[in-house]
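**Q** Dropping in target-v1.csv, with CSV, C-alpha atoms.
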chain,number,residue,atom,x,y,z
I,187,MET,CA,86.6,30.3,86.2
I,188,ALA,CA,85.6,29.1,82.7
I,189,THR,CA,88.3,28.3,80.3
I,190,ILE,CA,88.4,30.0,76.9
I,191,GLU,CA,89.0,27.3,74.3
I,192,PRO,CA,90.8,28.1,71.1
I,193,THR,CA,88.8,27.4,67.9
I,194,LEU,CA,91.3,27.9,65.1
I,195,ASP,CA,93.7,25.1,64.0
I,196,ASP,CA,97.0,25.6,62.1
I,197,ASP,CA,95.2,26.3,58.8
I,198,GLY,CA,92.9,28.8,60.4
I,199,VAL,CA,95.8,30.7,61.9
I,200,MET,CA,97.8,30.5,58.6
I,201,ASP,CA,94.7,31.9,56.8
I,202,PHE,CA,94.7,34.8,59.3
I,203,VAL,CA,98.4,35.4,58.9
I,204,ALA,CA,97.8,35.9,55.2
I,205,SER,CA,94.5,37.8,55.1
I,206,GLY,CA,94.5,39.6,58.5
I,207,HIS,CA,90.9,38.9,59.2
I,208,VAL,CA,88.3,36.3,60.3
I,209,VAL,CA,84.5,36.8,59.8
I,210,LEU,CA,82.0,35.0,62.1
I,211,GLU,CA,78.6,35.4,60.4
I,212,GLY,CA,75.4,35.6,62.4
I,213,ILE,CA,76.7,34.2,65.6
I,214,ILE,CA,75.2,36.7,68.1
I,215,ASP,CA,71.7,36.2,69.6
I,216,GLU,CA,69.0,38.0,67.7
I,217,ALA,CA,67.4,39.5,70.9
I,218,PHE,CA,70.8,41.0,71.8
I,219,ASN,CA,71.2,42.3,68.3
I,220,GLN,CA,67.9,44.1,68.6
I,221,HIS,CA,69.0,45.7,71.9
I,222,CYS,CA,72.2,47.0,70.3
I,223,ASN,CA,70.4,48.4,67.3
I,224,GLU,CA,68.7,50.9,69.6
I,225,LEU,CA,72.0,52.3,70.9
I,226,ASP,CA,73.0,55.9,70.1
I,227,GLY,CA,76.1,56.4,68.1
I,228,GLY,CA,79.4,57.5,69.6
I,229,ASN,CA,81.4,56.3,72.6
I,230,ILE,CA,79.7,53.4,74.4
I,231,ASP,CA,82.5,52.4,76.8
I,232,ALA,CA,80.2,51.7,79.7
I,233,PHE,CA,77.9,49.5,77.6
I,234,VAL,CA,80.7,47.5,76.1
I,235,ALA,CA,82.3,46.9,79.5
I,236,GLY,CA,79.0,45.9,81.0
I,237,ASP,CA,78.1,42.3,81.8
I,238,ASP,CA,75.5,42.0,79.0
I,239,PHE,CA,77.8,42.9,76.2
I,240,THR,CA,80.7,41.0,77.8
I,241,ASN,CA,78.7,37.8,78.0
I,242,ALA,CA,76.8,38.1,74.7
I,243,VAL,CA,79.7,39.3,72.5
I,244,LEU,CA,83.1,39.6,74.1
I,245,LEU,CA,83.1,36.2,75.6
I,246,HIS,CA,80.9,34.5,73.0
I,247,PRO,CA,82.6,31.1,72.5
I,248,GLN,CA,83.2,31.6,68.8
I,249,VAL,CA,84.5,35.2,69.2
I,250,SER,CA,86.7,34.5,72.2
I,251,GLY,CA,87.8,31.2,70.7
I,252,VAL,CA,89.3,33.1,67.7
I,253,VAL,CA,90.9,35.6,70.1
I,254,ARG,CA,92.3,32.9,72.3
I,255,SER,CA,93.8,31.3,69.2
I,256,LEU,CA,95.5,34.4,68.0
I,257,LEU,CA,96.4,36.3,71.2
I,258,GLY,CA,97.1,33.4,73.5
I,259,GLU,CA,96.1,32.8,77.1
I,260,ASP,CA,94.6,35.5,79.4
I,261,PHE,CA,94.2,38.0,76.6
I,262,LEU,CA,92.8,41.4,77.6
I,263,VAL,CA,89.1,41.9,77.0
I,264,PRO,CA,87.9,45.3,75.8
I,265,ALA,CA,86.6,47.7,78.5
I,266,GLY,CA,85.2,50.1,75.9
I,267,GLY,CA,84.1,50.6,72.4
I,268,HIS,CA,82.6,52.9,69.8
I,269,HIS,CA,79.3,52.7,68.0
I,270,HIS,CA,79.7,53.9,64.4
I,271,VAL,CA,76.4,54.9,63.0
I,272,PHE,CA,75.6,56.1,59.4
I,273,GLU,CA,72.1,57.1,58.5
I,274,LYS,CA,72.3,59.3,55.4
I,275,PRO,CA,73.7,58.5,51.9
I,276,HIS,CA,77.4,59.4,51.7
I,277,LEU,CA,80.4,59.0,49.5
I,278,GLY,CA,82.0,56.6,51.9
I,279,GLN,CA,85.1,57.0,54.1
I,280,THR,CA,88.5,57.0,52.5
I,281,TRP,CA,90.7,54.0,52.8
I,282,HIS,CA,92.7,54.2,56.0
I,283,SER,CA,94.4,52.1,58.7
I,284,ASP,CA,93.9,52.6,62.4
I,285,GLY,CA,97.2,52.9,64.3
I,286,LEU,CA,100.5,51.9,62.7
I,287,SER,CA,100.1,49.3,60.0
I,288,GLY,CA,102.8,47.0,58.9
I,289,SER,CA,105.0,47.3,62.0
I,290,GLY,CA,106.7,44.0,63.1
I,291,PHE,CA,105.7,40.4,62.6
I,292,ASP,CA,103.6,40.2,65.8
I,293,VAL,CA,99.9,39.8,66.4
I,294,THR,CA,99.2,41.8,69.5
I,295,GLU,CA,95.9,43.5,68.9
I,296,LEU,CA,92.6,42.4,67.2
I,297,GLN,CA,90.3,45.1,66.2
I,298,CYS,CA,86.7,43.8,65.9
I,299,TYR,CA,83.6,45.0,64.1
I,300,TYR,CA,80.2,43.8,65.4
I,301,TYR,CA,77.1,44.3,63.2
I,302,PRO,CA,73.8,43.9,65.1
I,303,HIS,CA,71.8,44.0,61.9
I,304,LYS,CA,72.0,42.8,58.4
I,305,VAL,CA,74.3,44.9,56.1
I,306,ALA,CA,73.6,45.1,52.4
I,307,VAL,CA,75.9,46.7,49.9
I,308,GLU,CA,73.6,49.8,49.6
I,309,ASP,CA,74.0,50.3,53.3
I,310,GLY,CA,77.6,51.4,53.0
I,311,PRO,CA,79.2,48.3,54.5
I,312,THR,CA,82.7,48.3,56.1
I,313,MET,CA,85.2,47.5,53.4
I,314,ILE,CA,88.5,45.8,54.1
I,315,LEU,CA,91.5,45.0,52.0
I,316,PRO,CA,92.7,41.5,52.9
I,317,GLY,CA,96.5,41.2,53.3
I,318,SER,CA,96.9,45.0,53.8
I,319,HIS,CA,97.6,44.6,57.5
I,320,CYS,CA,101.3,44.2,56.7
I,321,ARG,CA,101.6,47.3,54.5
I,322,ALA,CA,103.5,50.2,56.2
I,323,VAL,CA,101.8,53.3,55.1
I,324,ASP,CA,100.8,56.8,56.2
I,325,ARG,CA,97.0,56.5,56.6
I,326,GLU,CA,96.4,59.9,55.0
I,327,ALA,CA,98.5,58.9,51.9
I,328,ILE,CA,96.1,56.1,50.8
I,329,ALA,CA,93.0,58.3,51.0
I,330,HIS,CA,92.9,58.9,47.2
I,331,TYR,CA,92.6,55.2,46.4
I,332,GLY,CA,89.3,54.0,44.9
I,333,ASP,CA,88.3,50.5,44.1
I,334,ILE,CA,91.0,47.9,44.7
I,335,MET,CA,90.9,44.4,43.2
I,336,GLY,CA,90.2,41.9,46.0
I,337,GLN,CA,88.6,44.4,48.3
I,338,VAL,CA,85.8,42.9,50.5
I,339,SER,CA,82.6,44.6,51.4
I,340,LEU,CA,81.4,43.1,54.7
I,341,THR,CA,77.8,42.5,53.5
I,342,VAL,CA,76.8,40.2,56.4
I,343,PRO,CA,73.8,38.9,58.3
I,344,ALA,CA,72.8,40.3,61.7
I,345,GLY,CA,75.0,39.3,64.6
I,346,THR,CA,78.2,39.1,62.6
I,347,VAL,CA,81.6,39.8,64.2
I,348,ALA,CA,84.7,40.4,62.1
I,349,LEU,CA,88.1,40.2,63.8
I,350,THR,CA,91.0,42.0,62.1
I,351,ARG,CA,94.8,42.4,62.7
I,352,TYR,CA,95.1,46.0,63.9
I,353,GLY,CA,96.3,48.1,60.9
I,354,ILE,CA,94.3,46.4,58.2
I,355,TRP,CA,93.1,48.9,55.6
I,356,HIS,CA,89.4,49.6,55.9
I,357,LYS,CA,86.7,52.2,55.4
I,358,ALA,CA,83.0,52.7,55.5
I,359,GLY,CA,81.9,52.0,51.9
I,360,PRO,CA,79.7,54.3,49.8
I,361,LYS,CA,76.1,54.4,51.2
I,362,THR,CA,73.3,55.0,48.7
I,363,ASN,CA,70.2,54.7,51.0
I,364,ASP,CA,68.8,56.1,54.2
I,365,ARG,CA,68.7,52.9,56.2
I,366,ARG,CA,70.6,53.1,59.5
I,367,ARG,CA,73.8,51.2,59.5
I,368,GLY,CA,75.6,50.6,62.8
I,369,MET,CA,78.8,48.9,63.8
I,370,ILE,CA,80.3,48.5,67.2
I,371,LYS,CA,84.1,48.5,67.2
I,372,PHE,CA,86.3,47.2,70.0
I,373,SER,CA,89.8,45.7,70.5
I,374,TYR,CA,91.4,42.8,72.3
I,375,HIS,CA,95.1,42.8,73.3
I,376,ARG,CA,97.7,40.1,73.9
I,377,GLN,CA,99.4,39.5,77.2
I,378,ALA,CA,101.0,36.1,76.8
I,379,GLU,CA,104.2,35.3,75.0
I,380,PRO,CA,103.4,33.7,71.6
I,381,VAL,CA,103.3,29.9,71.5
I,382,ARG,CA,101.5,27.4,69.3
I,383,ASP,CA,98.7,26.7,71.7
I,384,TRP,CA,95.7,26.9,69.4
I,385,ARG,CA,93.9,23.7,68.3
I,386,VAL,CA,96.6,21.2,67.2
I,387,ASP,CA,96.6,17.6,66.3
I,388,PHE,CA,100.3,17.0,66.6
I,389,ASP,CA,103.2,18.7,68.5
I,390,GLU,CA,105.6,19.2,65.7
I,391,ILE,CA,105.3,22.8,64.4
I,392,PRO,CA,104.6,22.7,60.6
I,393,ALA,CA,106.3,25.1,58.2
I,394,TYR,CA,104.0,27.9,57.0
I,395,ARG,CA,101.9,26.8,54.0
I,396,ASP,CA,101.6,29.8,51.8
I,397,ARG,CA,98.2,31.1,50.7
I,398,PRO,CA,97.4,32.5,47.2
I,399,ARG,CA,98.3,36.0,46.5
I,400,PHE,CA,95.5,38.7,46.6
I,401,ALA,CA,94.3,40.1,43.4
I,402,TYR,CA,95.8,43.5,43.8
I,403,VAL,CA,99.3,42.2,44.7
I,404,SER,CA,102.2,42.4,42.2
I,405,GLU,CA,104.8,39.7,41.6
I,406,VAL,CA,107.5,41.2,43.9
I,407,GLU,CA,104.9,42.1,46.5
I,408,SER,CA,103.8,38.5,46.6
I,409,TYR,CA,107.4,37.4,47.3
I,410,ARG,CA,107.6,39.9,50.2
I,411,ASP,CA,104.2,38.8,51.5
I,412,ARG,CA,105.4,35.2,51.5
I,413,VAL,CA,108.5,36.0,53.6
I,414,ARG,CA,106.5,38.2,55.9
I,415,ARG,CA,103.8,35.5,56.4
I,416,MET,CA,106.5,32.9,57.3
I,417,ARG,CA,108.0,35.3,59.8
I,418,THR,CA,104.6,36.1,61.3
I,419,TRP,CA,103.8,32.4,61.6
I,420,ASN,CA,107.1,31.7,63.3
I,421,TRP,CA,106.5,34.6,65.7
I,422,LEU,CA,103.1,33.2,66.6
I,423,CYS,CA,104.6,29.8,67.2
I,424,GLY,CA,107.3,31.3,69.4
I,425,GLN,CA,110.1,30.6,67.0
I,426,ASP,CA,112.9,32.6,65.5
I,427,THR,CA,111.4,35.0,62.9
I,428,ASP,CA,114.5,34.8,60.7
I,429,VAL,CA,113.1,32.2,58.3
I,430,GLU,CA,115.3,30.1,56.1
I,431,LEU,CA,114.6,30.8,52.4
I,432,ARG,CA,114.8,27.9,49.9
I,433,TRP,CA,118.1,29.0,48.5
I,434,GLU,CA,119.6,29.2,52.0
I,435,LYS,CA,119.2,25.4,52.3
I,436,SER,CA,121.6,24.9,49.3
I,437,ARG,CA,124.9,23.3,50.0
I,438,PRO,CA,128.4,24.4,49.1
I,439,VAL,CA,129.7,22.5,46.1
I,440,SER,CA,132.9,21.7,48.0
I,441,GLN,CA,130.8,19.5,50.3
I,442,LEU,CA,129.4,17.6,47.4
I,443,ALA,CA,132.1,17.3,44.8
I,444,GLY,CA,134.3,14.8,46.7
I,445,ALA,CA,131.4,13.0,48.3
O,125,MET,CA,88.2,77.4,21.0
O,126,GLN,CA,88.5,80.9,19.6
O,127,ALA,CA,88.3,79.5,16.1
O,128,ALA,CA,85.1,77.6,17.0
O,129,ILE,CA,83.6,80.8,18.4
O,130,LYS,CA,84.5,82.7,15.2
O,131,GLN,CA,82.8,80.0,13.2
O,132,TRP,CA,79.8,80.1,15.4
O,133,LEU,CA,79.6,83.9,15.0
O,134,ALA,CA,79.7,83.7,11.2
O,135,SER,CA,77.0,81.0,11.2
O,136,SER,CA,74.9,82.9,13.7
O,137,ARG,CA,75.0,86.2,11.8
O,138,GLN,CA,73.5,84.4,8.8
O,139,LYS,CA,70.9,82.9,11.0
O,140,LEU,CA,70.1,86.2,12.6
O,141,ALA,CA,69.7,87.8,9.2
O,142,SER,CA,67.3,85.1,8.1
O,143,GLY,CA,65.5,85.0,11.4
O,144,THR,CA,66.4,81.4,12.2
O,145,LEU,CA,68.7,82.0,15.3
O,146,ILE,CA,67.2,79.9,18.1
O,147,ASP,CA,68.0,79.3,21.8
O,148,ALA,CA,69.9,76.1,21.0
O,149,ASP,CA,72.4,78.2,19.1
O,150,LEU,CA,73.0,80.3,22.3
O,151,ASN,CA,73.5,77.1,24.3
O,152,GLN,CA,76.1,76.0,21.8
O,153,LEU,CA,77.9,79.3,22.3
O,154,GLN,CA,77.8,78.9,26.0
O,155,GLU,CA,79.4,75.4,25.7
O,156,LEU,CA,82.1,76.8,23.4
O,157,ALA,CA,82.9,79.6,25.7
O,158,THR,CA,83.2,77.4,28.8
O,159,GLU,CA,86.8,76.5,29.8
O,160,PRO,CA,87.5,72.8,29.5
O,161,ARG,CA,87.5,70.8,32.8
O,162,GLN,CA,90.0,68.3,33.9
O,163,LEU,CA,89.0,64.7,34.7
O,164,VAL,CA,91.7,62.8,36.7
O,165,LEU,CA,92.0,59.1,36.6
O,166,TYR,CA,94.4,57.1,38.9
O,167,LEU,CA,95.3,53.7,37.5
O,168,TYR,CA,97.5,51.3,39.5
O,169,SER,CA,99.2,48.9,37.1
O,170,LYS,CA,100.7,45.5,38.2
O,171,SER,CA,104.0,46.7,36.7
O,172,SER,CA,105.6,49.7,35.0
O,173,ASN,CA,104.5,48.2,31.7
O,174,MET,CA,101.5,50.1,30.3
O,175,ARG,CA,100.0,46.8,29.0
O,176,SER,CA,99.9,45.2,32.5
O,177,THR,CA,96.6,44.5,34.2
O,178,LEU,CA,95.2,46.9,36.9
O,179,ALA,CA,95.2,46.5,40.6
O,180,SER,CA,93.2,49.6,41.5
O,181,TRP,CA,91.6,52.7,40.0
O,182,MET,CA,89.9,56.0,40.9
O,183,LEU,CA,88.2,58.6,38.8
O,184,TYR,CA,87.9,62.2,40.1
O,185,ASP,CA,85.3,64.0,38.1
O,186,ALA,CA,84.6,67.6,39.3
O,187,THR,CA,82.1,68.2,36.5
O,188,LYS,CA,79.4,66.1,38.2
O,189,PRO,CA,77.8,66.2,41.7
O,190,GLN,CA,79.8,64.1,44.1
O,191,GLU,CA,77.4,61.2,44.8
O,192,PRO,CA,78.0,57.8,46.3
O,193,ALA,CA,78.5,54.9,43.8
O,194,LEU,CA,78.6,51.3,44.8
O,195,PRO,CA,82.0,49.5,44.9
O,196,SER,CA,83.1,47.8,41.7
O,197,GLN,CA,85.5,45.0,40.9
O,198,THR,CA,85.5,45.8,37.2
O,199,PRO,CA,88.3,48.1,36.1
O,200,PRO,CA,87.3,50.9,33.7
O,201,TYR,CA,90.0,49.6,31.4
O,202,ASP,CA,92.1,46.5,30.9
O,203,SER,CA,95.3,48.4,31.1
O,204,VAL,CA,96.8,51.9,31.1
O,205,LEU,CA,97.4,51.5,27.4
O,206,ALA,CA,93.7,50.8,26.8
O,207,ALA,CA,92.9,54.1,28.7
O,208,VAL,CA,95.3,56.0,26.5
O,209,ALA,CA,93.7,54.4,23.4
O,210,ASP,CA,90.4,55.8,24.7
O,211,GLY,CA,91.8,59.4,24.8
O,212,TRP,CA,93.3,59.7,28.2
O,213,ARG,CA,96.6,61.5,28.5
O,214,ILE,CA,99.2,60.4,31.0
O,215,VAL,CA,100.4,63.2,33.3
O,216,GLN,CA,102.5,61.2,35.7
O,217,PHE,CA,104.4,58.0,35.0
O,218,PRO,CA,105.5,55.7,37.9
O,219,ASP,CA,109.1,56.4,39.0
O,220,ALA,CA,111.0,53.1,39.4
O,221,LYS,CA,113.1,54.7,42.1
O,222,LEU,CA,110.0,54.9,44.3
O,223,TYR,CA,109.7,51.1,44.4
O,224,ALA,CA,112.7,50.0,46.4
O,225,TYR,CA,113.4,46.3,46.2
O,226,GLN,CA,115.0,46.0,49.6
O,227,GLY,CA,113.3,44.4,52.6
O,228,VAL,CA,110.0,42.5,53.0
O,229,ASP,CA,107.7,45.4,53.8
O,230,ASN,CA,105.1,46.2,51.2
O,231,ASP,CA,103.5,49.6,51.4
O,232,TYR,CA,101.6,51.7,48.9
O,233,LEU,CA,99.9,50.3,45.8
O,234,SER,CA,102.0,50.2,42.8
O,235,PHE,CA,102.5,51.3,40.0
O,236,GLU,CA,100.8,54.6,40.0
O,237,PHE,CA,99.8,56.2,36.6
O,238,ILE,CA,97.9,59.5,36.7
O,239,LEU,CA,95.9,60.4,33.6
O,240,GLU,CA,93.8,63.3,32.5
O,241,ARG,CA,91.1,64.1,30.0
O,242,MET,CA,89.8,67.6,29.3
O,243,VAL,CA,86.0,67.9,28.7
O,244,GLN,CA,83.8,70.7,27.6
O,245,GLY,CA,80.7,71.9,29.2
O,246,ALA,CA,79.0,71.3,32.5
Take the structure in this file and express it as structure tokens.
**A**
Amino acid sequence: MATIEPTLDDDGVMDFVASGHVVLEGIIDEAFNQHCNELDGGNIDAFVAGDDFTNAVLLHPQVSGVVRSLLGEDFLVPAGGHHHVFEKPHLGQTWHSDGLSGSGFDVTELQCYYYPHKVAVEDGPTMILPGSHCRAVDREAIAHYGDIMGQVSLTVPAGTVALTRYGIWHKAGPKTNDRRRGMIKFSYHRQAEPVRDWRVDFDEIPAYRDRPRFAYVSEVESYRDRVRRMRTWNWLCGQDTDVELRWEKSRPVSQLAGA
Amino acid sequence: MQAAIKQWLASSRQKLASGTLIDADLNQLQELATEPRQLVLYLYSKSSNMRSTLASWMLYDATKPQEPALPSQTPPYDSVLAAVADGWRIVQFPDAKLYAYQGVDNDYLSFEFILERMVQGA
């Protein structure tokens, strides 16, 4: 049985912890992209579970390498998926999360979007909000939001796969043309206990190196994000998630005064 | 509005007498007689201060057809205060008690100001 090799290093995993997504542009074979373009919209469980899709997409070395990095050994490979197809102009979906966003510090499910064709901004690309995967919200209560600073429109070349932490805020963006825009959505799940077994150059587990705050995030929200990222990093490394904040390393004055 | 219609009637009677009343005058009356419509603008400020920069925005305009518009990363105003300076009225201020400081879980966008502007016509 072939081994799935992880492709992310510490920095790659830390980036994911902060942003909640990885985008692999133009990696899927063009002939297979063409084949997927011809699929009808709706449930395509049988197609996704079939050998062709499994080999061309689900076990693609770059896709499965990211999954292996973030979900550990012997992760669960999707046995189904859905083909989202938009053909007419529309206002776009409202911002929403799938499932329960913000719960816990774990990474147990990666929801993926595969685009078998090029997506331009006029095509109504999927939009995601980096960093939102940790926000605990009722998905119906963010539906009135409009443009958000730092939002990302996934305008991508054909054969792109985006992997997201389940719960990231996303939507189909506004579509202003009649060109068919499809996306195949599927999810991987974790089985293994978390451990730092992605690509590493040394054994000692480094402390989380924080990433810049996202443009929509306020000051206090950035403090919360920093703590949450450290705890998620510790969880992924199989460590205690109760991180030690800087002030907690301070020493009692009684230990120092007589020294 | 009633004062404007009275003024229109006085002016139009003179035009009628002189034979100069035209279709454009009736269009003006139609606009004057139309109830003003509410535009609603959500602005999400980086703090409760009205001078803070914006994190997000959304305009709901029921006077126009609902058509798709491409995403933008350019806020309509630099701040809530700039929107007020342009004529928007604030109808809801953020309530500090909604933004609990405890814990490390972020949730909804903050700080939510809701503004309105009344427009004639359409």
**Q** Only residues of chain I matter here; which ones have an atom within 9 Å of chain O, counting only C-alpha atoms? Give them as a JSON list (two decimals) with C-alpha atoms, in the coordinates of the input.
**A**
[["chain", "number", "residue", "atom", "x", "y", "z"],
["I", 275, "PRO", "CA", 73.70, 58.50, 51.90],
["I", 276, "HIS", "CA", 77.40, 59.40, 51.70],
["I", 277, "LEU", "CA", 80.40, 59.00, 49.50],
["I", 278, "GLY", "CA", 82.00, 56.60, 51.90],
["I", 288, "GLY", "CA", 102.80, 47.00, 58.90],
["I", 289, "SER", "CA", 105.00, 47.30, 62.00],
["I", 307, "VAL", "CA", 75.90, 46.70, 49.90],
["I", 308, "GLU", "CA", 73.60, 49.80, 49.60],
["I", 310, "GLY", "CA", 77.60, 51.40, 53.00],
["I", 318, "SER", "CA", 96.90, 45.00, 53.80],
["I", 320, "CYS", "CA", 101.30, 44.20, 56.70],
["I", 321, "ARG", "CA", 101.60, 47.30, 54.50],
["I", 322, "ALA", "CA", 103.50, 50.20, 56.20],
["I", 323, "VAL", "CA", 101.80, 53.30, 55.10],
["I", 324, "ASP", "CA", 100.80, 56.80, 56.20],
["I", 327, "ALA", "CA", 98.50, 58.90, 51.90],
["I", 328, "ILE", "CA", 96.10, 56.10, 50.80],
["I", 330, "HIS", "CA", 92.90, 58.90, 47.20],
["I", 331, "TYR", "CA", 92.60, 55.20, 46.40],
["I", 332, "GLY", "CA", 89.30, 54.00, 44.90],
["I", 333, "ASP", "CA", 88.30, 50.50, 44.10],
["I", 334, "ILE", "CA", 91.00, 47.90, 44.70],
["I", 335, "MET", "CA", 90.90, 44.40, 43.20],
["I", 336, "GLY", "CA", 90.20, 41.90, 46.00],
["I", 337, "GLN", "CA", 88.60, 44.40, 48.30],
["I", 339, "SER", "CA", 82.60, 44.60, 51.40],
["I", 359, "GLY", "CA", 81.90, 52.00, 51.90],
["I", 360, "PRO", "CA", 79.70, 54.30, 49.80],
["I", 361, "LYS", "CA", 76.10, 54.40, 51.20],
["I", 362, "THR", "CA", 73.30, 55.00, 48.70],
["I", 401, "ALA", "CA", 94.30, 40.10, 43.40],
["I", 402, "TYR", "CA", 95.80, 43.50, 43.80],
["I", 403, "VAL", "CA", 99.30, 42.20, 44.70],
["I", 404, "SER", "CA", 102.20, 42.40, 42.20],
["I", 405, "GLU", "CA", 104.80, 39.70, 41.60],
["I", 406, "VAL", "CA", 107.50, 41.20, 43.90],
["I", 407, "GLU", "CA", 104.90, 42.10, 46.50],
["I", 409, "TYR", "CA", 107.40, 37.40, 47.30],
["I", 410, "ARG", "CA", 107.60, 39.90, 50.20],
["I", 411, "ASP", "CA", 104.20, 38.80, 51.50],
["I", 412, "ARG", "CA", 105.40, 35.20, 51.50],
["I", 413, "VAL", "CA", 108.50, 36.00, 53.60],
["I", 414, "ARG", "CA", 106.50, 38.20, 55.90]]
**Q** Rounded to one decimal place, report the CA of Leu194 (chain I)-CA of Trp384 (chain I) distance in Å.
**A** 6.2 Å
**Q** I need the residue nearest Ser255 (chain I) from this list: I:Glu273, I:Asp426, I:Glu191, I:Glu216. Use all atoms listed in the file for the distance.
**A**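 For Ser255 (chain I), the nearest of the given residues is I:Glu191.
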**Q** Could you jot down the CA of Gly198 (chain I) to CA of Val342 (chain I) separation for me, Å, one decimal place?
**A**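 Result for CA of Gly198 (chain I) versus CA of Val342 (chain I): 20.1 Å, one decimal.
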**Q** Within 8 Å of Asp185 (chain O), counting only C-alpha atoms, which residues show up once you throw out same-chain ones fewer than 4 positions away? Write them as a list in words, please.
**A**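 What passes the distance filter is Gln162, Leu163 and Val164 of chain O.
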**Q** I:Cys298, I:Met200, I:Leu422, I:Leu225: which is nearest Arg366 (chain I), counting only C-alpha atoms?
**A**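 Answer, going by the shortest atom-to-atom distance: I:Leu225.
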**Q** Extract, using all atoms listed in the file, all DNA, RNA and protein residues at most 6 Å from Pro160 (chain O), discarding same-chain residues fewer than 4 positions from it, and format them as a ChimeraX atom specification.
**A** /O:242-244
**Q** What separation in Å, quoted to one decimal, exists between CA of Gly227 (chain I) and CA of Lys357 (chain I)?
**A**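 CA of Lys357 (chain I) lies 17.1 Å from CA of Gly227 (chain I).
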**Q** Which residue, I:Lys304, I:His319, I:Arg415, I:Arg397, has the smallest gap to Glu211 (chain I) when you use all atoms listed in the file?
**A** I:Lys304
**Q** Kindly assemble as a Markdown table a list of the region 187-269 of chain I residues that lie within 9 Å of region 368-382 of chain I, each paired with its nearest atom pair and their distance in Å to one decimal, using all atoms listed in the file, sorted first by chain and then by ascending residue number.
**A**
| residue | atom | partner | partner_atom | distance |
| --- | --- | --- | --- | --- |
| I:Asp196 | CA | I:Arg382 | CA | 8.7 |
| I:Cys222 | CA | I:Ile370 | CA | 8.8 |
| I:Asn223 | CA | I:Gly368 | CA | 7.2 |
| I:Gly227 | CA | I:Gly368 | CA | 7.9 |
| I:Ile230 | CA | I:Ile370 | CA | 8.7 |
| I:Val234 | CA | I:Phe372 | CA | 8.3 |
| I:Val253 | CA | I:Tyr374 | CA | 7.5 |
| I:Ser255 | CA | I:Arg382 | CA | 8.6 |
| I:Leu256 | CA | I:Arg376 | CA | 8.5 |
| I:Leu257 | CA | I:Arg376 | CA | 4.8 |
| I:Gly258 | CA | I:Ala378 | CA | 5.8 |
| I:Glu259 | CA | I:Ala378 | CA | 5.9 |
| I:Asp260 | CA | I:Gln377 | CA | 6.6 |
| I:Phe261 | CA | I:Arg376 | CA | 4.9 |
| I:Leu262 | CA | I:His375 | CA | 5.1 |
| I:Val263 | CA | I:Tyr374 | CA | 5.3 |
| I:Pro264 | CA | I:Tyr374 | CA | 5.5 |
| I:Ala265 | CA | I:Phe372 | CA | 8.5 |
| I:Gly266 | CA | I:Phe372 | CA | 6.7 |
| I:Gly267 | CA | I:Phe372 | CA | 4.7 |
| I:His268 | CA | I:Lys371 | CA | 5.3 |
| I:His269 | CA | I:Ile370 | CA | 4.4 |
**Q** Find the residue from I:Asp389, I:Val338, I:Trp355, I:Asp237 that sits nearest to Cys423 (chain I); use all atoms listed in the file when measuring.
**A** I:Asp389
**Q** Please return as a PyMOL selection string every residue within 7 Å of (108.3, 36.7, 58.5), taking into account only C-alpha atoms and the file's own coordinates.
**A** chain I and resi 291+413-419+427-429
**Q** For a quick check of understanding, using all atoms listed in the file, which of I:Asp238, I:Pro316, I:Gly424, I:Val209 has the smallest distance to Ala348 (chain I)?
**A**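 Looking at the shortest contact to Ala348 (chain I), the residue is I:Val209.
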**Q** Just want the 8 Å neighbourhood of Ile213 (chain I), counted on only C-alpha atoms, with same-chain residues fewer than 5 positions away dropped. Output as a PyMOL selection string.
**A** chain I and resi 248+345-347
